[in-house]
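> Sharing data_19.csv, CSV, C-alpha atoms:
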chain,number,residue,atom,x,y,z
A,1,MET,CA,8.5,-31.4,-0.8
A,2,THR,CA,11.0,-30.2,1.8
A,3,THR,CA,11.0,-26.5,2.2
A,4,ASP,CA,14.3,-24.8,1.9
A,5,TYR,CA,13.8,-22.2,4.7
A,6,LYS,CA,17.4,-21.0,4.3
A,7,ALA,CA,16.9,-20.2,0.7
A,8,LEU,CA,13.6,-18.4,1.6
A,9,LYS,CA,15.4,-16.4,4.3
A,10,ASN,CA,18.0,-15.3,1.8
A,11,GLY,CA,15.2,-13.8,-0.2
A,12,GLY,CA,13.8,-12.1,2.8
A,13,PHE,CA,11.0,-14.5,3.6
A,14,MET,CA,10.8,-14.5,7.4
A,15,ARG,CA,9.1,-17.5,8.9
A,16,GLN,CA,6.1,-16.6,11.0
A,17,THR,CA,4.7,-18.2,14.1
A,18,GLN,CA,1.9,-19.5,11.8
A,19,LYS,CA,2.9,-22.6,9.8
A,20,ASP,CA,3.8,-21.9,6.1
A,21,LEU,CA,3.2,-18.2,6.4
A,22,PHE,CA,6.0,-15.7,5.9
A,23,SER,CA,6.6,-12.0,6.5
A,24,LEU,CA,8.1,-10.9,3.3
A,25,ARG,CA,10.9,-8.4,3.8
A,26,LEU,CA,11.4,-5.8,1.0
A,27,LYS,CA,14.5,-4.0,-0.1
A,28,VAL,CA,14.5,-0.4,1.0
A,29,VAL,CA,17.6,1.9,0.8
A,30,GLY,CA,17.9,4.9,3.0
A,31,GLY,CA,14.2,4.7,4.0
A,32,ASN,CA,13.0,5.9,0.6
A,33,LEU,CA,10.3,4.3,-1.6
A,34,THR,CA,8.6,5.8,-4.6
A,35,THR,CA,4.8,6.1,-4.6
A,36,ALA,CA,4.8,3.7,-7.6
A,37,GLN,CA,6.6,1.1,-5.4
A,38,LEU,CA,4.1,1.7,-2.6
A,39,LYS,CA,1.2,1.1,-5.0
A,40,THR,CA,2.7,-2.2,-6.0
A,41,ILE,CA,3.3,-3.1,-2.4
A,42,THR,CA,-0.3,-2.2,-1.6
A,43,GLU,CA,-1.6,-4.4,-4.3
A,44,VAL,CA,0.5,-7.4,-3.2
A,45,ALA,CA,-0.4,-6.9,0.5
A,46,ASP,CA,-4.1,-6.8,-0.4
A,47,LEU,CA,-4.0,-9.9,-2.7
A,48,TYR,CA,-1.4,-12.1,-0.9
A,49,GLY,CA,-1.2,-10.7,2.6
A,50,LYS,CA,-3.7,-9.4,5.1
A,51,GLY,CA,-4.0,-5.9,3.7
A,52,HIS,CA,-1.3,-4.3,5.9
A,53,VAL,CA,2.4,-3.8,6.0
A,54,HIS,CA,4.9,-3.7,8.9
A,55,LEU,CA,7.5,-1.0,9.2
A,56,THR,CA,10.6,-2.6,10.6
A,57,SER,CA,12.9,-1.1,13.2
A,58,ARG,CA,15.5,-0.3,10.5
A,59,GLN,CA,13.5,1.5,7.8
A,60,GLY,CA,12.5,-1.8,6.2
A,61,LEU,CA,9.1,-2.8,5.1
A,62,GLU,CA,7.5,-6.3,5.4
A,63,ILE,CA,4.4,-7.8,4.1
A,64,PRO,CA,3.2,-10.3,6.7
A,65,TYR,CA,1.0,-13.4,6.1
A,66,VAL,CA,2.3,-14.4,2.7
A,67,ALA,CA,1.7,-18.1,2.0
A,68,LEU,CA,4.5,-20.4,1.0
A,69,LYS,CA,2.6,-21.4,-2.1
A,70,ASP,CA,2.4,-17.8,-3.3
A,71,VAL,CA,6.1,-17.0,-2.8
A,72,GLU,CA,7.2,-17.1,-6.4
A,73,THR,CA,4.1,-15.3,-7.7
A,74,VAL,CA,4.6,-12.6,-5.1
A,75,LYS,CA,8.2,-12.1,-6.0
A,76,GLN,CA,7.4,-11.8,-9.6
A,77,LYS,CA,4.6,-9.3,-9.1
A,78,LEU,CA,6.9,-7.2,-6.9
A,79,ALA,CA,9.7,-7.3,-9.4
A,80,GLN,CA,7.3,-6.1,-12.1
A,81,GLY,CA,6.5,-3.1,-10.0
A,82,GLY,CA,10.1,-2.3,-9.3
A,83,VAL,CA,10.2,-3.7,-5.8
A,84,ASP,CA,13.0,-6.0,-4.7
A,85,THR,CA,12.9,-8.4,-1.8
A,86,GLY,CA,15.2,-7.8,1.1
A,87,VAL,CA,17.6,-10.1,2.9
A,88,CYS,CA,18.1,-11.7,6.3
A,89,GLY,CA,20.7,-14.0,7.7
A,90,PRO,CA,24.5,-13.5,7.8
A,91,ARG,CA,24.9,-10.8,5.2
A,92,VAL,CA,24.9,-7.1,4.6
A,93,ARG,CA,21.5,-5.8,5.6
A,94,THR,CA,19.3,-2.8,4.7
A,95,VAL,CA,21.4,0.3,4.5
A,96,THR,CA,19.6,3.0,6.5
A,97,ALA,CA,19.8,6.8,6.3
A,98,CYS,CA,18.2,9.9,7.6
A,99,GLN,CA,17.0,12.5,5.1
A,100,GLY,CA,20.3,14.3,4.9
A,101,SER,CA,21.3,17.6,3.4
A,102,THR,CA,19.1,17.4,0.4
A,103,VAL,CA,16.0,17.8,2.6
A,104,CYS,CA,17.2,18.6,6.2
A,105,PRO,CA,18.7,22.0,7.1
A,106,SER,CA,20.9,20.3,9.7
A,107,GLY,CA,22.4,17.8,7.2
A,108,CYS,CA,26.1,18.0,6.2
A,109,ILE,CA,26.1,15.3,3.6
A,110,ASP,CA,23.8,13.7,1.0
A,111,THR,CA,23.0,10.6,3.1
A,112,LEU,CA,20.8,9.0,0.4
A,113,ALA,CA,23.6,9.1,-2.2
A,114,VAL,CA,26.0,7.5,0.3
A,115,ALA,CA,23.5,4.9,1.3
A,116,GLU,CA,22.7,4.0,-2.3
A,117,ASN,CA,26.4,3.7,-3.1
A,118,ILE,CA,27.0,1.4,-0.1
A,119,SER,CA,23.9,-0.6,-0.8
A,120,GLU,CA,25.0,-1.0,-4.5
A,121,ARG,CA,28.4,-2.2,-3.4
A,122,TYR,CA,27.6,-4.5,-0.5
A,123,PHE,CA,23.9,-5.3,-0.1
A,124,GLY,CA,23.4,-9.0,0.5
A,125,ARG,CA,27.1,-9.8,0.7
A,126,VAL,CA,27.6,-13.0,2.7
A,127,LEU,CA,29.7,-12.6,5.9
A,128,PRO,CA,30.2,-14.5,9.2
A,129,HIS,CA,27.1,-12.8,10.6
A,130,LYS,CA,24.7,-9.9,9.9
A,131,PHE,CA,26.2,-6.6,9.1
A,132,LYS,CA,24.5,-3.2,9.3
A,133,PHE,CA,25.4,0.1,7.7
A,134,GLY,CA,23.7,3.3,8.8
A,135,VAL,CA,24.2,6.8,7.5
A,136,THR,CA,23.3,9.9,9.5
A,137,GLY,CA,23.6,13.5,8.2
A,138,CYS,CA,25.0,15.4,11.2
A,139,GLN,CA,25.9,15.3,14.8
A,140,ASN,CA,22.2,15.4,15.8
A,141,ASN,CA,22.6,11.7,14.9
A,142,CYS,CA,18.9,11.0,14.2
A,143,LEU,CA,20.0,7.8,12.5
A,144,LYS,CA,22.1,6.6,15.5
A,145,ALA,CA,25.2,5.8,13.5
A,146,GLU,CA,27.0,4.2,16.4
A,147,GLU,CA,24.4,1.5,16.7
A,148,ASN,CA,25.6,0.1,13.4
A,149,ASP,CA,28.4,-2.3,12.6
A,150,LEU,CA,29.6,0.5,10.4
A,151,GLY,CA,28.1,3.9,11.0
A,152,ILE,CA,28.7,7.0,8.8
A,153,LYS,CA,28.1,10.5,10.2
A,154,GLY,CA,28.2,13.6,8.2
A,155,GLY,CA,30.3,16.6,9.2
A,156,TYR,CA,32.1,19.6,7.9
A,157,LEU,CA,35.8,20.3,7.6
A,158,ILE,CA,35.8,23.9,8.5
A,159,SER,CA,37.9,27.0,7.7
A,160,TRP,CA,37.6,30.7,8.5
A,161,ASP,CA,38.2,33.7,6.3
A,162,LYS,CA,39.0,36.9,8.1
A,163,GLU,CA,38.1,39.0,5.0
A,164,ASP,CA,34.4,38.1,5.3
A,165,CYS,CA,34.1,38.2,9.1
A,166,THR,CA,32.2,40.9,11.0
A,167,PHE,CA,33.2,39.4,14.4
A,168,CYS,CA,29.5,39.3,15.4
A,169,GLY,CA,30.2,36.4,17.8
A,170,VAL,CA,27.4,34.1,16.5
A,171,CYS,CA,29.8,31.2,15.8
A,172,ALA,CA,31.2,31.2,19.3
A,173,LYS,CA,27.7,31.1,20.7
A,174,VAL,CA,26.4,28.3,18.5
A,175,CYS,CA,29.4,26.1,18.9
A,176,ARG,CA,28.4,23.5,21.5
A,177,GLU,CA,32.0,22.3,22.0
A,178,GLY,CA,33.3,25.7,23.1
A,179,ALA,CA,35.9,25.5,20.3
A,180,ILE,CA,35.6,29.0,19.1
A,181,GLU,CA,36.6,32.3,20.7
A,182,VAL,CA,35.8,35.7,19.1
A,183,THR,CA,37.6,38.9,20.0
A,184,ASP,CA,37.3,42.4,18.4
A,185,ASP,CA,39.5,41.3,15.5
A,186,GLN,CA,40.3,37.7,15.9
A,187,VAL,CA,38.5,34.3,15.7
A,188,ILE,CA,40.4,31.5,17.4
A,189,LEU,CA,39.5,27.9,16.7
A,190,ASN,CA,40.6,25.2,19.1
A,191,ALA,CA,40.8,22.5,16.5
A,192,ALA,CA,41.1,19.7,19.2
A,193,LYS,CA,37.7,20.6,20.5
A,194,CYS,CA,36.0,20.8,17.1
A,195,ASN,CA,33.6,17.8,16.4
A,196,HIS,CA,32.9,18.9,12.8
A,197,CYS,CA,29.2,19.6,13.5
A,198,GLY,CA,29.3,22.5,11.1
A,199,ARG,CA,27.0,24.8,13.2
A,200,CYS,CA,29.5,27.7,12.8
A,201,VAL,CA,29.3,27.3,9.0
A,202,LYS,CA,25.5,27.0,9.0
A,203,SER,CA,25.0,30.0,11.3
A,204,CYS,CA,27.7,32.4,10.0
A,205,PRO,CA,25.8,35.4,8.6
A,206,THR,CA,28.6,36.3,6.2
A,207,ASP,CA,29.9,32.9,5.2
A,208,ALA,CA,33.3,33.7,6.8
A,209,TRP,CA,33.1,30.1,8.0
A,210,LYS,CA,33.2,27.7,5.2
A,211,GLY,CA,32.6,23.9,5.3
A,212,GLN,CA,33.5,21.0,3.1
A,213,SER,CA,31.5,17.9,3.6
A,214,GLY,CA,33.2,14.9,5.3
A,215,TYR,CA,32.4,11.6,6.9
A,216,LEU,CA,33.0,10.3,10.4
A,217,LEU,CA,33.1,6.5,10.5
A,218,SER,CA,32.4,4.3,13.5
A,219,PHE,CA,33.0,0.6,13.8
A,220,GLY,CA,31.6,-2.3,15.8
A,221,GLY,CA,28.3,-0.9,17.0
A,222,LEU,CA,25.7,-3.3,18.3
A,223,PHE,CA,22.2,-2.8,19.7
A,224,GLY,CA,20.8,-6.3,20.1
A,225,ASN,CA,21.6,-9.1,22.4
A,226,ARG,CA,24.8,-7.3,23.2
A,227,ILE,CA,24.9,-3.5,23.3
A,228,ALA,CA,28.0,-1.7,22.3
A,229,GLN,CA,28.7,1.7,20.9
A,230,GLY,CA,30.6,1.9,17.6
A,231,VAL,CA,34.0,3.4,17.9
A,232,GLU,CA,35.2,6.3,15.7
A,233,ILE,CA,38.7,5.5,14.4
A,234,LEU,CA,39.8,7.5,11.4
A,235,GLY,CA,38.9,11.1,12.1
A,236,ILE,CA,36.9,12.9,9.4
A,237,VAL,CA,37.5,11.6,5.8
A,238,SER,CA,36.5,13.7,2.9
A,239,ASN,CA,35.3,11.5,0.1
A,240,LEU,CA,33.3,8.4,-0.8
A,241,ASP,CA,36.5,6.7,-1.9
A,242,SER,CA,37.9,6.8,1.6
A,243,ILE,CA,34.6,5.4,2.9
A,244,PHE,CA,34.9,2.5,0.5
A,245,LYS,CA,38.5,1.9,1.3
A,246,ALA,CA,37.5,1.7,5.0
A,247,SER,CA,34.4,-0.4,4.5
A,248,ASP,CA,36.2,-2.8,2.1
A,249,ALA,CA,38.9,-3.3,4.7
A,250,ALA,CA,36.4,-3.7,7.5
A,251,LEU,CA,34.4,-6.4,5.7
A,252,ASP,CA,37.6,-8.2,4.6
A,253,PHE,CA,38.7,-8.1,8.2
A,254,PHE,CA,35.4,-9.5,9.3
A,255,ASP,CA,35.7,-12.3,6.7
A,256,ARG,CA,39.3,-13.1,7.6
A,257,HIS,CA,38.9,-13.2,11.4
A,258,GLY,CA,35.3,-13.9,12.0
A,259,GLN,CA,33.8,-17.3,12.9
A,260,SER,CA,30.4,-18.2,11.7
A,261,GLY,CA,27.7,-16.6,13.9
A,262,GLU,CA,30.0,-14.0,15.4
A,263,ARG,CA,29.2,-10.3,15.2
A,264,PHE,CA,31.7,-7.9,13.9
A,265,ARG,CA,32.2,-6.2,17.3
A,266,THR,CA,33.0,-9.5,18.9
A,267,VAL,CA,35.5,-10.3,16.2
A,268,ILE,CA,37.3,-7.0,16.6
A,269,ASP,CA,37.4,-7.5,20.4
A,270,ARG,CA,38.9,-10.9,19.9
A,271,ALA,CA,41.3,-10.2,17.1
A,272,GLY,CA,42.3,-6.9,18.8
A,273,TRP,CA,41.5,-3.3,18.1
A,274,ASP,CA,45.2,-2.6,17.2
A,275,GLU,CA,45.0,-5.3,14.6
A,276,PHE,CA,41.8,-3.8,13.2
A,277,LYS,CA,43.4,-0.3,13.2
A,278,LYS,CA,46.3,-1.7,11.2
A,279,ALA,CA,43.8,-3.1,8.6
A,280,LEU,CA,42.5,0.5,8.2
A,281,SER,CA,45.9,2.2,8.2
A,282,HIS,CA,45.9,2.8,4.4
A,283,VAL,CA,42.7,4.9,4.6
A,284,ALA,CA,43.3,8.6,4.4
B,285,MET,CA,31.8,39.1,22.0
B,286,SER,CA,31.9,42.8,21.3
B,287,GLN,CA,30.9,45.1,18.5
B,288,LYS,CA,33.4,47.3,16.8
B,289,LYS,CA,30.8,49.7,15.4
B,290,GLU,CA,27.9,51.3,17.0
B,291,PRO,CA,24.9,49.0,16.1
B,292,PRO,CA,22.5,50.5,13.6
B,293,GLN,CA,19.1,51.9,14.8
B,294,ALA,CA,16.5,49.1,14.9
B,295,GLN,CA,13.1,49.8,13.3
B,296,GLY,CA,11.6,46.8,15.0
B,297,LYS,CA,11.9,45.1,18.3
B,298,VAL,CA,10.7,41.6,19.5
B,299,ASP,CA,11.1,39.7,22.7
B,300,VAL,CA,11.2,36.0,22.3
B,301,THR,CA,12.3,35.1,25.8
B,302,ASP,CA,8.8,34.1,26.7
B,303,VAL,CA,8.6,31.2,24.2
B,304,VAL,CA,10.6,28.1,23.3
B,305,CYS,CA,11.7,26.6,20.0
B,306,PRO,CA,10.1,26.5,17.5
B,307,MET,CA,8.0,29.5,18.6
B,308,THR,CA,11.1,31.6,19.0
B,309,PHE,CA,11.6,31.6,15.3
B,310,VAL,CA,7.9,31.9,14.5
B,311,LYS,CA,7.6,35.0,16.6
B,312,THR,CA,10.8,36.4,15.0
B,313,LYS,CA,9.3,35.7,11.5
B,314,VAL,CA,6.1,37.5,12.4
B,315,ALA,CA,8.1,40.5,13.6
B,316,LEU,CA,10.2,40.5,10.4
B,317,ASP,CA,7.0,40.5,8.4
B,318,ASP,CA,6.2,44.0,9.7
B,319,LEU,CA,9.5,45.4,8.3
B,320,ASP,CA,10.7,46.2,4.8
B,321,PRO,CA,13.8,44.6,3.3
B,322,GLY,CA,16.9,46.3,4.7
B,323,GLN,CA,15.3,47.4,7.9
B,324,ILE,CA,16.7,46.3,11.3
B,325,LEU,CA,15.1,44.1,13.9
B,326,SER,CA,16.3,43.8,17.5
B,327,ILE,CA,15.5,40.4,19.0
B,328,ARG,CA,15.7,39.8,22.7
B,329,ILE,CA,16.5,36.1,23.0
B,330,ASN,CA,17.4,33.5,25.7
B,331,ASP,CA,20.7,31.8,26.0
B,332,GLY,CA,20.8,28.1,25.3
B,333,GLU,CA,18.8,26.5,22.5
B,334,PRO,CA,17.2,29.7,21.2
B,335,ILE,CA,20.4,31.5,20.6
B,336,ARG,CA,22.0,28.4,19.1
B,337,ASN,CA,19.2,27.8,16.6
B,338,VAL,CA,17.7,31.1,15.6
B,339,PRO,CA,20.8,32.5,13.8
B,340,GLN,CA,20.9,29.5,11.4
B,341,SER,CA,17.1,29.8,10.7
B,342,LEU,CA,17.5,33.5,10.0
B,343,LYS,CA,20.3,32.8,7.5
B,344,GLU,CA,18.3,30.1,5.8
B,345,ASP,CA,15.5,32.6,5.3
B,346,GLY,CA,17.9,35.1,3.8
B,347,HIS,CA,18.2,37.6,6.6
B,348,LEU,CA,21.6,39.0,7.8
B,349,VAL,CA,22.6,38.9,11.4
B,350,LEU,CA,24.6,42.0,12.1
B,351,GLY,CA,25.5,41.6,15.7
B,352,LEU,CA,25.0,39.7,19.0
B,353,ASN,CA,25.1,41.5,22.3
B,354,ASP,CA,25.2,39.9,25.7
B,355,ASN,CA,22.6,41.6,28.0
B,356,GLY,CA,24.4,40.0,31.0
B,357,ASP,CA,21.1,38.6,32.4
B,358,GLY,CA,21.0,35.3,30.5
B,359,THR,CA,19.5,37.0,27.4
B,360,TYR,CA,21.0,38.3,24.2
B,361,GLU,CA,20.2,41.0,21.8
B,362,LEU,CA,20.4,39.7,18.2
B,363,VAL,CA,20.4,42.4,15.6
B,364,VAL,CA,19.2,41.4,12.2
B,365,LYS,CA,18.8,43.1,8.8
B,366,LYS,CA,15.7,41.9,6.9
B,367,GLY,CA,16.6,40.2,3.6
B,368,GLN,CA,14.8,40.6,0.3
B,369,ASP,CA,11.4,39.0,0.2
B,370,ARG,CA,11.6,35.6,-1.5
Take the structure in the file and write it out as structure tokens.


Amino acid sequence: MTTDYKALKNGGFMRQTQKDLFSLRLKVVGGNLTTAQLKTITEVADLYGKGHVHLTSRQGLEIPYVALKDVETVKQKLAQGGVDTGVCGPRVRTVTACQGSTVCPSGCIDTLAVAENISERYFGRVLPHKFKFGVTGCQNNCLKAEENDLGIKGGYLISWDKEDCTFCGVCAKVCREGAIEVTDDQVILNAAKCNHCGRCVKSCPTDAWKGQSGYLLSFGGLFGNRIAQGVEILGIVSNLDSIFKASDAALDFFDRHGQSGERFRTVIDRAGWDEFKKALSHVA
Amino acid sequence: MSQKKEPPQAQGKVDVTDVVCPMTFVKTKVALDDLDPGQILSIRINDGEPIRNVPQSLKEDGHLVLGLNDNGDGTYELVVKKGQDR
């Protein structure tokens, strides 16, 4: 029997240095697994692996030392316990996320919800090369958005209400961009300096600063053989629809211009950033 | 960064310039524990990370920052009204 390594790889079976043994990659979205899933994974790793798992560099989880002959059984057992296998190869990979605003006080967006939506829409989609999405909740950037082919960073669209302001000066102090000046009876925002971090909103004692969640998108990040920082293009967008419009356009652009084995960044560089910006021009 | 009104009399005082985050907030919390809701705490706090972080933590815990005064020596006085116990 000839082994179809490519088919195995599609299903997340990574060939090991040891003949006929595989490190089985599992599907994880936004770095979250339930304890029920973990129990299933524990069982499988005990029975068919070597009793340990590996945490990958992108919030994934792999069960090493799974034998080729056990592949189908293992897949079945995992599926019964609500665990899907991951993917490798030229397709949309694990969507990563920090804890986001539901857990983290710094978070400006619900990162898990965004990651789940993106994963639902694109996970496993075949492209000229691998494609990574990462979602980070705020400017602290724990999830390193700009390392990803498409990075999403949470922020706030801010506004100030004089009625509620006590002119205490906290906002001017917490703003790291120096975008806010407070006088006895005025608060002046230099909008060009605002990076949407939302610290003014989160620190304002009287909620005179208000924030609406938004998303900053960066494109073309790489952190492998080649290292390049993703580039922010659209400014802050305010809803999931806009993210999807942008990501649809980006993946279509990749499909249209990319040659097999070429990363997204290289494709944009070759086809031209102006051309890519045109492809995003309909996103508001 | 000035105050229009005369700041209210503080019932408690704490100096957190001798510690770094997260101890700045821990020390602040301990000082607030000694006060009743509605009473005022004056916090002497360093410029930089501490003054950037402590106001948000106070807000999250339900306390009200009333004012911020520059001491002119690299430290600030942060005036806080203790919130209701939660």

> Listing only residues of chain B within 6 Å of chain A, what is the closest atom pair and its distance in Å (to one decimal) for each, using all atoms listed in the file, sorted by chain and residue number ascending, as CSV?


residue,atom,partner,partner_atom,distance
B:Met285,CA,A:Gly169,CA,5.2
B:Arg336,CA,A:Val174,CA,4.4
B:Pro339,CA,A:Ser203,CA,5.5
B:Gln340,CA,A:Ser203,CA,4.1
B:Leu348,CA,A:Pro205,CA,5.6
B:Val349,CA,A:Pro205,CA,5.5
B:Gly351,CA,A:Cys168,CA,4.6
B:Leu352,CA,A:Cys168,CA,5.8

> CA of Tyr5 (chain A) to CA of Leu47 (chain A): how many Å, to one decimal?

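Atom-to-atom, CA of Tyr5 (chain A) and CA of Leu47 (chain A) are spaced 22.9 Å apart.
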
> Counting all atoms listed in the file, which of A:Leu26, A:Val66, A:Leu127, A:Val53 gets nearest to Ala79 (chain A)?

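Counting all atoms listed in the file, the residue closest to Ala79 (chain A) is A:Leu26.
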
> Would you mind telling me which residue in A:Gly100, A:Gly151, A:Gly81, A:Gly51 lies nearest to Val231 (chain A) when using all atoms listed in the file?

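Closest residue, counting all atoms listed in the file: A:Gly151.
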
> Skipping near chain neighbours, those fewer than 6 positions away, what residues fall within 9 Å of region 34-39 of chain A using all atoms listed in the file, listed as number ranges by chain?

A: 78, 81-83

> Select, counting all atoms listed in the file, all protein, DNA and RNA residues no farther than 9 Å from (23.5, 8.5, 0.4) in file coordinates, and express the selection as a list in words.

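Output: Val29, Gly30, Ala97, Gln99, Gly100, Ile109, Asp110, Thr111, Leu112, Ala113, Val114, Ala115, Glu116, Asn117, Ile118 and Val135 of chain A.
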
> Find the residues around Tyr122 (chain A) up to 12 Å (only C-alpha atoms counted), leave out those fewer than 3 positions away in its own chain, and share them as a list in words.

Val29, Val87, Arg91, Val92, Arg93, Thr94, Val95, Ala115, Glu116, Asn117, Ile118, Ser119, Arg125, Val126, Leu127, Phe131, Lys132, Phe133, Phe244, Ser247, Asp248, Ala250, Leu251 and Asp252 of chain A

> Using Å and a single decimal, report how far CA of Glu232 (chain A) sits from CA of Arg265 (chain A).

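That distance, rounded to one decimal, is 13.0 Å.
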
> To one decimal place, how far is CA of Thr266 (chain A) from CA of Ala249 (chain A) in Å?

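Rounded to one decimal, the two atoms are 16.6 Å apart.
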